[in-house]
Amino acid sequence: MPGALDGIRVLDLTWVLSGPYASMILADLGADVVKVERPPHGDVARTTGPFVANESIYFQSINRGKRSISLDLRTDAGKELFLQLVEQADIVMENFTAGTMDRLGLGEEALRARNPRIIYSATSGFGQDGPLKDKPALDIVIQGMGGVMSITGYPGGPPARPGFSMGDITAGLYTAIGVLAALHERERSGQGQMLDLSMLDCQIAVLENAVARFFATGQEPQPLGTRHPSATPFQAFPSADGWLVLALAWGVENQWELYCAAIDRVALINDQRFDTSFKRTQNHAELEPILFDAMRQKTTGEWIDILGPYGMPIGPLNTISQAVSQEQIQLRHMVAEVEHPTAGTLKLSNSPLKLSRTPATAGGPAPAFAADTQAVLSAWLDLDTAAVAALADLGAIVPEGGPDIAAYLES
């Protein structure tokens, strides 16, 4: 079944994580995403572990369903070939430091001169303007500068990074949203446009009420562990055999009273320190030890059976292996199996986009370096093998090869 973006062509110059994650979303939705990799080894993510049969699983997890060619954009022949591909493309994506494409002579104006309908997506650490635009950035730098790490962890503890690359992934999600919005607008105007996406901007955008809270109260948000800054109980609790997560729903009548009765702490119901969520949050230091002691009296499964029927949002605090093994996750096909020619069957996270007629799905393994050069140049530019060979002689394209992972691992 064709995907929602069937027929959309993407030239994907992105590398490492934020950009590849964004273009993978487009590939999952059916776009023809052609990964344009730099010679001689391609995306540096190919050398990031772990490895199966000398294939980077990190690279596989964010580049599935794409095709790969290698162009040397430092050569005149390579630039001209790229611009010919731009004429046939809908979207060009890159995540270099601001100004890199302009220095290559392939910035927005050059691309638009060849294709006025092109959507040019530039994801960078700090955006295309401002005093920091020339600075490189990686995920942890962006999380630190964006304030996320200042509210992550436990009070009095050292700074903590969330357990995934939130700076990169957030930027990738916003990049995909921006590209899709530009595609929709092009249907009205017939014109492409540029998306200037800053990773740092994205961190500010996803700080939900932390930014608004600071401006409203003048108080600096602090790390709170697993709890919520405005609602209580809303956190992880220890149980007799592990941990669980519980959040009392806003606006649901008698949730606090039912909870106190269920945990055999009925005296809390009439305690004026705790009779509203706001008061419970203000007096959390006194309340938490009481709740922890109560929740340790039964197992996680027992609490789910007791509190779940009351409509209380509750669940186990799972490890990754437990999370992907849940019946709900299996039923919704959130673990994709793709067949790789050398690494065998790989299990990867699947797309969560459950469109009813054009569902998104993992479209196969990530490509080998430059493996699709002939196929892409034939389909997009109608070039035969002799023409492709001539381009290789000019240094515009690089034959299939890529990094020698076995030698890399031994070094």
# chains A, B, ... in the order shown; residues from 1 in each chain; ligands from 1
$ residues_around --residues "Val376 (chain A)" --least-positions-apart "2" --cutoff "10 Å" --atoms "only C-alpha atoms" --output "list in words"
Asp32, Val34, Arg67, Ser68, Ile69, Leu85, Ala371, Asp372, Thr373, Gln374, Ser378, Ala379, Trp380, Leu381, Asp382 and Leu383 of chain A
$ select_by_dssp --residues "region 12-160 of chain A" --states "alpha helix (DSSP H)" --output "PyMOL selection string"
chain A and resi 18-28+57-63+76-88+100-103+108-114+139-145
$ residues_around --residues "region 7-11 of chain A" --least-positions-apart "6" --cutoff "10 Å" --atoms "only C-alpha atoms" --output "ChimeraX atom specification"
/A:23,26-27,29-36,66-69,82,85-86,88-94,118-120,183,380
$ atom_distance --atom1 "CA of Asn95 (chain A)" --atom2 "CA of Leu111 (chain A)"
15.9 Å
$ closest_residue --among "A:Cys260, A:Met199, A:Val148, A:Thr47" --to "Pro136 (chain A)" --atoms "only C-alpha atoms"
A:Met199
$ residues_around --residues "Leu394 (chain A)" --least-positions-apart "6" --cutoff "9 Å" --atoms "only C-alpha atoms" --output "VMD selection string"
chain A and resid 75 77 to 78
$ write_last_selection --atoms "N, CA and C atoms" --output "mmCIF file, in the first residue's frame"
data_model
loop_
_atom_site.group_PDB
_atom_site.id
_atom_site.type_symbol
_atom_site.label_atom_id
_atom_site.label_comp_id
_atom_site.auth_asym_id
_atom_site.auth_seq_id
_atom_site.Cartn_x
_atom_site.Cartn_y
_atom_site.Cartn_z
ATOM 1 N N THR A 75 33.499 19.049 -5.686
ATOM 2 C CA THR A 75 33.878 19.093 -7.099
ATOM 3 C C THR A 75 32.800 19.799 -7.907
ATOM 4 N N ALA A 77 31.750 18.940 -10.850
ATOM 5 C CA ALA A 77 30.860 17.936 -11.434
ATOM 6 C C ALA A 77 29.862 17.430 -10.388
ATOM 7 N N GLY A 78 30.334 17.279 -9.156
ATOM 8 C CA GLY A 78 29.449 16.825 -8.094
ATOM 9 C C GLY A 78 28.379 17.849 -7.772
#
$ residues_around --residues "Phe126 (chain A)" --least-positions-apart "5" --cutoff "7 Å" --atoms "only C-alpha atoms" --output "PDB file with C-alpha atoms, in the first residue's frame"
ATOM      1  CA  LEU A 132      25.761  31.622  18.026  1.00  0.00           C
ATOM      2  CA  LYS A 133      24.916  30.598  14.453  1.00  0.00           C
ATOM      3  CA  SER A 198      17.320  25.516  15.617  1.00  0.00           C
ATOM      4  CA  MET A 199      17.903  22.697  18.088  1.00  0.00           C
ATOM      5  CA  LEU A 200      18.174  25.270  20.883  1.00  0.00           C
TER       6      LEU A 200
END
$ atom_distance --atom1 "CA of Pro341 (chain A)" --atom2 "CA of Ala366 (chain A)"
10.5 Å
$ atom_distance --atom1 "CA of Gly125 (chain A)" --atom2 "CA of Ala4 (chain A)"
29.5 Å
$ closest_residue --among "A:Gln282, A:Thr170, A:Asn115, A:Gln322" --to "Gln193 (chain A)" --atoms "only C-alpha atoms"
A:Asn115
$ closest_residue --among "A:Arg227, A:Asp168, A:Glu339, A:Ile304" --to "Thr281 (chain A)" --atoms "only C-alpha atoms"
A:Arg227
$ closest_residue --among "A:Leu348, A:Val388, A:Leu207, A:Ala249" --to "Pro365 (chain A)" --atoms "only C-alpha atoms"
A:Leu348
$ closest_residue --among "A:Ser121, A:Thr345, A:Asn209, A:Ser61" --to "His228 (chain A)" --atoms "only C-alpha atoms"
A:Asn209
